[in-house]
Structures are given as structure tokens and as C-alpha cells.
>>> print(open('input_3.pdb').read())   # PDB, C-alpha atoms
ATOM      1  CA  MET A   1      30.088  -4.715  11.651  1.00  0.00           C
ATOM      2  CA  LYS A   2      28.784  -7.836  13.444  1.00  0.00           C
ATOM      3  CA  LYS A   3      27.314  -5.695  16.220  1.00  0.00           C
ATOM      4  CA  SER A   4      25.515  -3.548  13.651  1.00  0.00           C
ATOM      5  CA  LEU A   5      24.051  -6.599  11.932  1.00  0.00           C
ATOM      6  CA  LEU A   6      22.981  -8.081  15.263  1.00  0.00           C
ATOM      7  CA  PHE A   7      21.387  -4.788  16.313  1.00  0.00           C
ATOM      8  CA  LEU A   8      19.602  -4.471  12.948  1.00  0.00           C
ATOM      9  CA  SER A   9      18.360  -8.071  13.214  1.00  0.00           C
ATOM     10  CA  ILE A  10      16.943  -7.414  16.692  1.00  0.00           C
ATOM     11  CA  ILE A  11      15.175  -4.237  15.496  1.00  0.00           C
ATOM     12  CA  ILE A  12      13.641  -6.088  12.526  1.00  0.00           C
ATOM     13  CA  LEU A  13      12.517  -8.930  14.796  1.00  0.00           C
ATOM     14  CA  LEU A  14      10.874  -6.515  17.248  1.00  0.00           C
ATOM     15  CA  MET A  15       9.136  -4.603  14.447  1.00  0.00           C
ATOM     16  CA  SER A  16       7.835  -7.767  12.780  1.00  0.00           C
ATOM     17  CA  THR A  17       6.486  -9.008  16.126  1.00  0.00           C
ATOM     18  CA  ALA A  18       4.633  -5.706  16.688  1.00  0.00           C
ATOM     19  CA  ILE A  19       3.244  -5.717  13.146  1.00  0.00           C
ATOM     20  CA  GLY A  20       2.218  -9.349  13.543  1.00  0.00           C
ATOM     21  CA  GLN A  21       0.296  -8.525  16.713  1.00  0.00           C
ATOM     22  CA  THR A  22      -1.501  -5.645  14.982  1.00  0.00           C
ATOM     23  CA  VAL A  23      -2.445  -7.817  12.013  1.00  0.00           C
ATOM     24  CA  SER A  24      -3.543 -10.631  14.314  1.00  0.00           C
ATOM     25  CA  LYS A  25      -5.755  -8.246  16.307  1.00  0.00           C
ATOM     26  CA  ARG A  26      -7.341  -6.907  13.113  1.00  0.00           C
ATOM     27  CA  LEU A  27      -7.963 -10.394  11.708  1.00  0.00           C
ATOM     28  CA  SER A  28      -9.515 -11.684  14.932  1.00  0.00           C
ATOM     29  CA  SER A  29     -11.872  -8.747  15.530  1.00  0.00           C
ATOM     30  CA  ASP A  30     -15.426  -8.825  14.196  1.00  0.00           C
ATOM     31  CA  ILE A  31     -16.498  -6.181  11.709  1.00  0.00           C
ATOM     32  CA  VAL A  32     -20.151  -6.839  12.467  1.00  0.00           C
ATOM     33  CA  LYS A  33     -21.881  -6.777  15.824  1.00  0.00           C
ATOM     34  CA  VAL A  34     -25.223  -8.542  16.159  1.00  0.00           C
ATOM     35  CA  SER A  35     -27.638  -7.212  18.769  1.00  0.00           C
ATOM     36  CA  ASN A  36     -31.354  -6.587  19.117  1.00  0.00           C
ATOM     37  CA  GLY A  37     -32.055  -8.391  15.840  1.00  0.00           C
ATOM     38  CA  LYS A  38     -29.710  -6.151  13.833  1.00  0.00           C
ATOM     39  CA  PHE A  39     -26.335  -6.311  12.128  1.00  0.00           C
ATOM     40  CA  GLU A  40     -24.325  -3.188  12.930  1.00  0.00           C
ATOM     41  CA  ALA A  41     -20.906  -2.073  11.759  1.00  0.00           C
ATOM     42  CA  THR A  42     -18.960   1.084  12.506  1.00  0.00           C
ATOM     43  CA  ASN A  43     -15.602   2.091  11.101  1.00  0.00           C
ATOM     44  CA  TYR A  44     -13.390   5.108  11.682  1.00  0.00           C
ATOM     45  CA  LYS A  45     -10.742   6.184   9.180  1.00  0.00           C
ATOM     46  CA  LEU A  46      -8.191   8.946   8.969  1.00  0.00           C
ATOM     47  CA  VAL A  47      -7.842   9.811   5.290  1.00  0.00           C
ATOM     48  CA  SER A  48      -4.897  11.906   4.153  1.00  0.00           C
ATOM     49  CA  PRO A  49      -5.415  13.379   0.670  1.00  0.00           C
ATOM     50  CA  MET A  50      -2.247  14.082  -1.299  1.00  0.00           C
ATOM     51  CA  ASN A  51      -2.858  17.865  -1.443  1.00  0.00           C
ATOM     52  CA  SER A  52      -4.953  18.614   1.636  1.00  0.00           C
ATOM     53  CA  PHE A  53      -5.341  18.187   5.370  1.00  0.00           C
ATOM     54  CA  PRO A  54      -6.357  14.787   6.799  1.00  0.00           C
ATOM     55  CA  LYS A  55     -10.073  14.084   7.205  1.00  0.00           C
ATOM     56  CA  GLN A  56     -11.757  11.773   9.689  1.00  0.00           C
ATOM     57  CA  ILE A  57     -14.510   9.576   8.333  1.00  0.00           C
ATOM     58  CA  LYS A  58     -17.082   7.704  10.363  1.00  0.00           C
ATOM     59  CA  THR A  59     -18.931   4.938   8.552  1.00  0.00           C
ATOM     60  CA  TYR A  60     -21.954   3.162  10.042  1.00  0.00           C
ATOM     61  CA  ALA A  61     -24.298   0.508   8.679  1.00  0.00           C
ATOM     62  CA  VAL A  62     -27.329  -1.298  10.049  1.00  0.00           C
ATOM     63  CA  ALA A  63     -29.564  -4.070   8.711  1.00  0.00           C
ATOM     64  CA  PRO A  64     -31.987  -6.636  10.132  1.00  0.00           C
ATOM     65  CA  SER A  65     -30.296  -9.902  11.096  1.00  0.00           C
ATOM     66  CA  ASP A  66     -33.428 -11.985  10.507  1.00  0.00           C
ATOM     67  CA  GLY A  67     -32.175 -13.485   7.239  1.00  0.00           C
ATOM     68  CA  THR A  68     -33.377 -10.645   5.023  1.00  0.00           C
ATOM     69  CA  ILE A  69     -29.728  -9.809   4.275  1.00  0.00           C
ATOM     70  CA  SER A  70     -26.942 -12.307   4.888  1.00  0.00           C
ATOM     71  CA  ARG A  71     -24.050 -11.281   7.102  1.00  0.00           C
ATOM     72  CA  ASP A  72     -21.674 -11.745   4.134  1.00  0.00           C
ATOM     73  CA  ASN A  73     -23.720  -9.447   1.894  1.00  0.00           C
ATOM     74  CA  PHE A  74     -24.027  -6.905   4.695  1.00  0.00           C
ATOM     75  CA  VAL A  75     -20.236  -6.770   5.112  1.00  0.00           C
ATOM     76  CA  SER A  76     -19.670  -6.725   1.354  1.00  0.00           C
ATOM     77  CA  ILE A  77     -22.097  -3.856   0.681  1.00  0.00           C
ATOM     78  CA  PHE A  78     -20.829  -1.888   3.697  1.00  0.00           C
ATOM     79  CA  THR A  79     -17.190  -2.268   2.639  1.00  0.00           C
ATOM     80  CA  ILE A  80     -17.569  -1.728  -1.105  1.00  0.00           C
ATOM     81  CA  MET A  81     -19.912   1.249  -0.838  1.00  0.00           C
ATOM     82  CA  SER A  82     -17.807   2.906   1.883  1.00  0.00           C
ATOM     83  CA  ASN A  83     -14.650   2.602  -0.193  1.00  0.00           C
ATOM     84  CA  GLU A  84     -16.362   3.825  -3.375  1.00  0.00           C
ATOM     85  CA  ILE A  85     -17.833   6.903  -1.681  1.00  0.00           C
ATOM     86  CA  ILE A  86     -14.584   7.741   0.123  1.00  0.00           C
ATOM     87  CA  SER A  87     -12.649   7.424  -3.154  1.00  0.00           C
ATOM     88  CA  GLY A  88     -15.125   9.845  -4.758  1.00  0.00           C
ATOM     89  CA  PHE A  89     -14.273  12.546  -2.207  1.00  0.00           C
ATOM     90  CA  PHE A  90     -10.554  12.493  -3.001  1.00  0.00           C
ATOM     91  CA  ASP A  91      -9.820  12.557  -6.739  1.00  0.00           C
ATOM     92  CA  GLU A  92      -6.108  13.253  -6.355  1.00  0.00           C
ATOM     93  CA  GLY A  93      -5.408  10.084  -4.339  1.00  0.00           C
ATOM     94  CA  PHE A  94      -5.012   9.516  -0.629  1.00  0.00           C
ATOM     95  CA  ASP A  95      -3.602   7.372   2.130  1.00  0.00           C
ATOM     96  CA  SER A  96      -5.852   6.055   4.863  1.00  0.00           C
ATOM     97  CA  LYS A  97      -5.606   4.241   8.148  1.00  0.00           C
ATOM     98  CA  ASP A  98      -8.218   2.720  10.404  1.00  0.00           C
ATOM     99  CA  LEU A  99      -8.692   4.323  13.803  1.00  0.00           C
ATOM    100  CA  ASP A 100      -9.876   2.641  16.995  1.00  0.00           C
ATOM    101  CA  GLU A 101     -11.895   5.744  17.809  1.00  0.00           C
ATOM    102  CA  LEU A 102     -12.519   9.221  16.460  1.00  0.00           C
ATOM    103  CA  ILE A 103     -10.237  12.086  17.383  1.00  0.00           C
ATOM    104  CA  GLY A 104     -12.961  14.635  18.034  1.00  0.00           C
ATOM    105  CA  ASN A 105     -15.707  15.015  15.426  1.00  0.00           C
ATOM    106  CA  PRO A 106     -15.707  13.360  12.008  1.00  0.00           C
ATOM    107  CA  ASP A 107     -15.390  15.515   8.888  1.00  0.00           C
ATOM    108  CA  ILE A 108     -17.469  13.074   6.837  1.00  0.00           C
ATOM    109  CA  VAL A 109     -20.173  10.668   8.028  1.00  0.00           C
ATOM    110  CA  LEU A 110     -21.470   7.820   5.885  1.00  0.00           C
ATOM    111  CA  ASN A 111     -24.557   5.918   7.050  1.00  0.00           C
ATOM    112  CA  PHE A 112     -26.055   2.886   5.340  1.00  0.00           C
ATOM    113  CA  PHE A 113     -29.550   1.760   6.311  1.00  0.00           C
ATOM    114  CA  MET A 114     -30.450  -1.599   4.792  1.00  0.00           C
ATOM    115  CA  THR A 115     -33.919  -3.158   4.963  1.00  0.00           C
ATOM    116  CA  LYS A 116     -35.714  -5.932   3.121  1.00  0.00           C
ATOM    117  CA  SER A 117     -36.936  -3.317   0.594  1.00  0.00           C
ATOM    118  CA  GLY A 118     -33.663  -1.570  -0.190  1.00  0.00           C
ATOM    119  CA  ILE A 119     -30.879   0.677   1.010  1.00  0.00           C
ATOM    120  CA  GLN A 120     -30.548   4.329   1.965  1.00  0.00           C
ATOM    121  CA  MET A 121     -27.096   5.889   1.861  1.00  0.00           C
ATOM    122  CA  GLU A 122     -26.715   9.069   3.877  1.00  0.00           C
ATOM    123  CA  ILE A 123     -23.627  11.207   3.300  1.00  0.00           C
ATOM    124  CA  THR A 124     -22.871  14.188   5.543  1.00  0.00           C
ATOM    125  CA  SER A 125     -19.991  16.514   4.735  1.00  0.00           C
ATOM    126  CA  GLU A 126     -19.391  20.195   5.454  1.00  0.00           C
ATOM    127  CA  GLY A 127     -22.765  20.499   7.211  1.00  0.00           C
ATOM    128  CA  GLU A 128     -24.796  19.177   4.285  1.00  0.00           C
ATOM    129  CA  THR A 129     -26.538  15.813   4.149  1.00  0.00           C
ATOM    130  CA  THR A 130     -27.379  13.945   0.969  1.00  0.00           C
ATOM    131  CA  ARG A 131     -29.563  10.844   0.961  1.00  0.00           C
ATOM    132  CA  ILE A 132     -29.709   8.301  -1.832  1.00  0.00           C
ATOM    133  CA  THR A 133     -32.479   5.722  -1.515  1.00  0.00           C
ATOM    134  CA  SER A 134     -32.753   2.683  -3.738  1.00  0.00           C
ATOM    135  CA  THR A 135     -34.668  -0.583  -3.904  1.00  0.00           C
ATOM    136  CA  TRP A 136     -32.493  -3.690  -4.052  1.00  0.00           C
ATOM    137  CA  GLU A 137     -33.592  -4.285  -7.643  1.00  0.00           C
ATOM    138  CA  ASP A 138     -32.371  -0.822  -8.679  1.00  0.00           C
ATOM    139  CA  PHE A 139     -29.233  -1.083  -6.529  1.00  0.00           C
ATOM    140  CA  PHE A 140     -28.024  -4.262  -8.246  1.00  0.00           C
ATOM    141  CA  GLU A 141     -28.800  -3.136 -11.825  1.00  0.00           C
TER     142      GLU A 141
END
>>> encode(input="input_3.pdb", output="C-alpha cells")
Amino acid sequence: MKKSLLFLSIIILLMSTAIGQTVSKRLSSDIVKVSNGKFEATNYKLVSPMNSFPKQIKTYAVAPSDGTISRDNFVSIFTIMSNEIISGFFDEGFDSKDLDELIGNPDIVLNFFMTKSGIQMEITSEGETTRITSTWEDFFE
């Protein structure tokens, strides 16, 4: 009995250390890269719908870093809009996990192009691309 408890305690300790390292890596990594006067963010997800095969999703956003859009707003819009659009694809619910890189080609691509005038959201799925363009005034109404 004591050996079992000791073994279980060691397993739990090892698992919590591994999880802690993963969380620490995620918390210390930047979502946004700044280069050539632009904010850029890219995210890869593996989304597993409850009643279907998993789908890979690539999300990308770009905006000028000259003060037109703050870094905080860039991250907020990128994150909220990505999650809203992804949720719209899978009505029946889903699990998702972030990927370090794509496994082949993505099934869905979401692009967000932000400028001082507004935002264009580009959604590509099953070979079709839809673009939604909005001024900032319309976007925030």
C-alpha cells in the first residue's frame, strides 16, 4: 500500500512538473511579433468537433505598429474574432488545442488585415474564400 502511494505521488509530481513547464512556456511566449513596422500574429489550432473529424485552423493577423492600433487592441481583436469565427463553424461543440506548427495543410484559414481605416476578415474553407470588410466605426457598432 505504501509503495503504491509513493509511486502515485511520484507520478503526480512528474506530471505536474511537465504541465507547469508547458504553462510556463505558453505564458512567456509572445503572441505578437513586431517587425517592419507591423504587428503580426499567427496561431495554429487542432479543433475536434464532437461529431466529425478534427480540423486544422491557421489564424493570421497583421496591423501597422505605428500607433494606429495599440498592441492590446490588436491582440484583443485577433483573439476574440478568431474564437467567434471558429465557434461559428462548429455548432455541436468542440475541443481544441494549440499547435506549434501545422500538420500539413490547414482546413480553415482566417486572416485579419487591420489598417487605420478598418478591418478585413478573410475566411477560407473548403476552397472558398469569403471577405468581410468593415470600417472601425461600423465594426464597433
>>> residues_around(input="input_3.pdb", residues="Gly104 of chain A", least_positions_apart="5", cutoff="12 Å", atoms="all atoms listed in the file", output="ChimeraX atom specification")
/A:44,46,55-58,99
>>> residues_around(input="input_3.pdb", residues="Val75 of chain A", least_positions_apart="6", cutoff="12 Å", atoms="all atoms listed in the file", output="list in words")
Asp30, Ile31, Val32, Lys33, Phe39, Glu40, Ala41, Thr42, Asn43, Tyr60, Ala61, Val62, Ala63, Ile69, Met81, Ser82, Phe112 and Met114 of chain A
>>> closest_residue(input="input_3.pdb", among="A:Gly93, A:Asn105, A:Asp138, A:Ser65", to="Gly118 of chain A", atoms="only C-alpha atoms")
A:Asp138
>>> atom_distance(input="input_3.pdb", atom1="atom CA of Lys45 of chain A", atom2="atom CA of Thr133 of chain A")
24.2 Å
>>> axis_aligned_box(input="input_3.pdb", around="segment 90-109 of chain A", padding_each_side="4 Å", output="lines of an AutoDock Vina configuration file")
center_x = -11.9
center_y = 9.1
center_z = 5.6
size_x = 24.6
size_y = 20.9
size_z = 32.8
>>> closest_residue(input="input_3.pdb", among="A:Gly127, A:Pro54, A:Gly67, A:Pro49", to="Phe94 of chain A", atoms="all atoms listed in the file")
A:Pro49
>>> atom_distance(input="input_3.pdb", atom1="atom CA of Glu122 of chain A", atom2="atom CA of Asp91 of chain A")
20.3 Å
>>> closest_residue(input="input_3.pdb", among="A:Leu102, A:Ile85, A:Met50, A:Ile108", to="Met121 of chain A", atoms="all atoms listed in the file")
A:Ile85
>>> closest_residue(input="input_3.pdb", among="A:Thr115, A:Asn51, A:Asn83, A:Ser35", to="Ser70 of chain A", atoms="only C-alpha atoms")
A:Thr115
>>> closest_residue(input="input_3.pdb", among="A:Lys116, A:Phe140, A:Val47, A:Pro64", to="Ile77 of chain A", atoms="all atoms listed in the file")
A:Phe140
>>> build_atoms(input="input_3.pdb", residues="segment 94-124 of chain A", atoms="N, CA and C atoms", output="PDB file, keeping the file's coordinate frame")
ATOM      1  N   PHE A  94      -5.079   9.346  -2.073  1.00  0.00           N
ATOM      2  CA  PHE A  94      -5.012   9.516  -0.629  1.00  0.00           C
ATOM      3  C   PHE A  94      -4.421   8.276   0.027  1.00  0.00           C
ATOM      4  N   ASP A  95      -3.985   8.474   1.250  1.00  0.00           N
ATOM      5  CA  ASP A  95      -3.602   7.372   2.130  1.00  0.00           C
ATOM      6  C   ASP A  95      -4.652   7.321   3.223  1.00  0.00           C
ATOM      7  N   SER A  96      -4.900   6.133   3.756  1.00  0.00           N
ATOM      8  CA  SER A  96      -5.852   6.055   4.863  1.00  0.00           C
ATOM      9  C   SER A  96      -5.406   5.021   5.874  1.00  0.00           C
ATOM     10  N   LYS A  97      -5.867   5.222   7.095  1.00  0.00           N
ATOM     11  CA  LYS A  97      -5.606   4.241   8.148  1.00  0.00           C
ATOM     12  C   LYS A  97      -6.842   4.136   9.015  1.00  0.00           C
ATOM     13  N   ASP A  98      -7.104   2.933   9.488  1.00  0.00           N
ATOM     14  CA  ASP A  98      -8.218   2.720  10.404  1.00  0.00           C
ATOM     15  C   ASP A  98      -7.859   3.268  11.772  1.00  0.00           C
ATOM     16  N   LEU A  99      -8.853   3.815  12.445  1.00  0.00           N
ATOM     17  CA  LEU A  99      -8.692   4.323  13.803  1.00  0.00           C
ATOM     18  C   LEU A  99      -9.539   3.486  14.754  1.00  0.00           C
ATOM     19  N   ASP A 100      -9.084   3.337  15.983  1.00  0.00           N
ATOM     20  CA  ASP A 100      -9.876   2.641  16.995  1.00  0.00           C
ATOM     21  C   ASP A 100     -11.053   3.502  17.454  1.00  0.00           C
ATOM     22  N   GLU A 101     -10.851   4.798  17.416  1.00  0.00           N
ATOM     23  CA  GLU A 101     -11.895   5.744  17.809  1.00  0.00           C
ATOM     24  C   GLU A 101     -11.647   7.063  17.098  1.00  0.00           C
ATOM     25  N   LEU A 102     -12.669   7.898  17.073  1.00  0.00           N
ATOM     26  CA  LEU A 102     -12.519   9.221  16.460  1.00  0.00           C
ATOM     27  C   LEU A 102     -11.658  10.117  17.332  1.00  0.00           C
ATOM     28  N   ILE A 103     -10.999  11.054  16.686  1.00  0.00           N
ATOM     29  CA  ILE A 103     -10.237  12.086  17.383  1.00  0.00           C
ATOM     30  C   ILE A 103     -11.078  13.353  17.268  1.00  0.00           C
ATOM     31  N   GLY A 104     -12.038  13.510  18.148  1.00  0.00           N
ATOM     32  CA  GLY A 104     -12.961  14.635  18.034  1.00  0.00           C
ATOM     33  C   GLY A 104     -14.122  14.271  17.138  1.00  0.00           C
ATOM     34  N   ASN A 105     -14.548  15.216  16.299  1.00  0.00           N
ATOM     35  CA  ASN A 105     -15.707  15.015  15.426  1.00  0.00           C
ATOM     36  C   ASN A 105     -15.264  14.603  14.020  1.00  0.00           C
ATOM     37  N   PRO A 106     -16.056  13.755  13.375  1.00  0.00           N
ATOM     38  CA  PRO A 106     -15.707  13.360  12.008  1.00  0.00           C
ATOM     39  C   PRO A 106     -15.970  14.501  11.018  1.00  0.00           C
ATOM     40  N   ASP A 107     -15.184  14.535   9.956  1.00  0.00           N
ATOM     41  CA  ASP A 107     -15.390  15.515   8.888  1.00  0.00           C
ATOM     42  C   ASP A 107     -16.441  15.019   7.901  1.00  0.00           C
ATOM     43  N   ILE A 108     -16.517  13.703   7.746  1.00  0.00           N
ATOM     44  CA  ILE A 108     -17.469  13.074   6.837  1.00  0.00           C
ATOM     45  C   ILE A 108     -18.123  11.905   7.577  1.00  0.00           C
ATOM     46  N   VAL A 109     -19.440  11.793   7.432  1.00  0.00           N
ATOM     47  CA  VAL A 109     -20.173  10.668   8.028  1.00  0.00           C
ATOM     48  C   VAL A 109     -20.933   9.957   6.918  1.00  0.00           C
ATOM     49  N   LEU A 110     -20.743   8.650   6.837  1.00  0.00           N
ATOM     50  CA  LEU A 110     -21.470   7.820   5.885  1.00  0.00           C
ATOM     51  C   LEU A 110     -22.337   6.846   6.674  1.00  0.00           C
ATOM     52  N   ASN A 111     -23.634   6.850   6.406  1.00  0.00           N
ATOM     53  CA  ASN A 111     -24.557   5.918   7.050  1.00  0.00           C
ATOM     54  C   ASN A 111     -25.256   5.079   5.982  1.00  0.00           C
ATOM     55  N   PHE A 112     -25.372   3.797   6.246  1.00  0.00           N
ATOM     56  CA  PHE A 112     -26.055   2.886   5.340  1.00  0.00           C
ATOM     57  C   PHE A 112     -27.162   2.183   6.119  1.00  0.00           C
ATOM     58  N   PHE A 113     -28.393   2.378   5.679  1.00  0.00           N
ATOM     59  CA  PHE A 113     -29.550   1.760   6.311  1.00  0.00           C
ATOM     60  C   PHE A 113     -30.118   0.738   5.336  1.00  0.00           C
ATOM     61  N   MET A 114     -29.993  -0.529   5.680  1.00  0.00           N
ATOM     62  CA  MET A 114     -30.450  -1.599   4.792  1.00  0.00           C
ATOM     63  C   MET A 114     -31.685  -2.265   5.386  1.00  0.00           C
ATOM     64  N   THR A 115     -32.701  -2.466   4.549  1.00  0.00           N
ATOM     65  CA  THR A 115     -33.919  -3.158   4.963  1.00  0.00           C
ATOM     66  C   THR A 115     -34.246  -4.211   3.918  1.00  0.00           C
ATOM     67  N   LYS A 116     -35.338  -4.926   4.122  1.00  0.00           N
ATOM     68  CA  LYS A 116     -35.714  -5.932   3.121  1.00  0.00           C
ATOM     69  C   LYS A 116     -36.101  -5.275   1.798  1.00  0.00           C
ATOM     70  N   SER A 117     -36.496  -4.013   1.813  1.00  0.00           N
ATOM     71  CA  SER A 117     -36.936  -3.317   0.594  1.00  0.00           C
ATOM     72  C   SER A 117     -35.803  -2.656  -0.183  1.00  0.00           C
ATOM     73  N   GLY A 118     -34.734  -2.271   0.510  1.00  0.00           N
ATOM     74  CA  GLY A 118     -33.663  -1.570  -0.190  1.00  0.00           C
ATOM     75  C   GLY A 118     -32.640  -0.977   0.754  1.00  0.00           C
ATOM     76  N   ILE A 119     -31.964   0.040   0.263  1.00  0.00           N
ATOM     77  CA  ILE A 119     -30.879   0.677   1.010  1.00  0.00           C
ATOM     78  C   ILE A 119     -30.989   2.192   0.891  1.00  0.00           C
ATOM     79  N   GLN A 120     -30.688   2.881   1.995  1.00  0.00           N
ATOM     80  CA  GLN A 120     -30.548   4.329   1.965  1.00  0.00           C
ATOM     81  C   GLN A 120     -29.125   4.646   2.390  1.00  0.00           C
ATOM     82  N   MET A 121     -28.443   5.428   1.557  1.00  0.00           N
ATOM     83  CA  MET A 121     -27.096   5.889   1.861  1.00  0.00           C
ATOM     84  C   MET A 121     -27.197   7.355   2.226  1.00  0.00           C
ATOM     85  N   GLU A 122     -26.662   7.707   3.366  1.00  0.00           N
ATOM     86  CA  GLU A 122     -26.715   9.069   3.877  1.00  0.00           C
ATOM     87  C   GLU A 122     -25.283   9.571   4.012  1.00  0.00           C
ATOM     88  N   ILE A 123     -24.982  10.664   3.332  1.00  0.00           N
ATOM     89  CA  ILE A 123     -23.627  11.207   3.300  1.00  0.00           C
ATOM     90  C   ILE A 123     -23.669  12.623   3.856  1.00  0.00           C
ATOM     91  N   THR A 124     -22.921  12.862   4.938  1.00  0.00           N
ATOM     92  CA  THR A 124     -22.871  14.188   5.543  1.00  0.00           C
ATOM     93  C   THR A 124     -21.436  14.700   5.468  1.00  0.00           C
TER      94      THR A 124
END
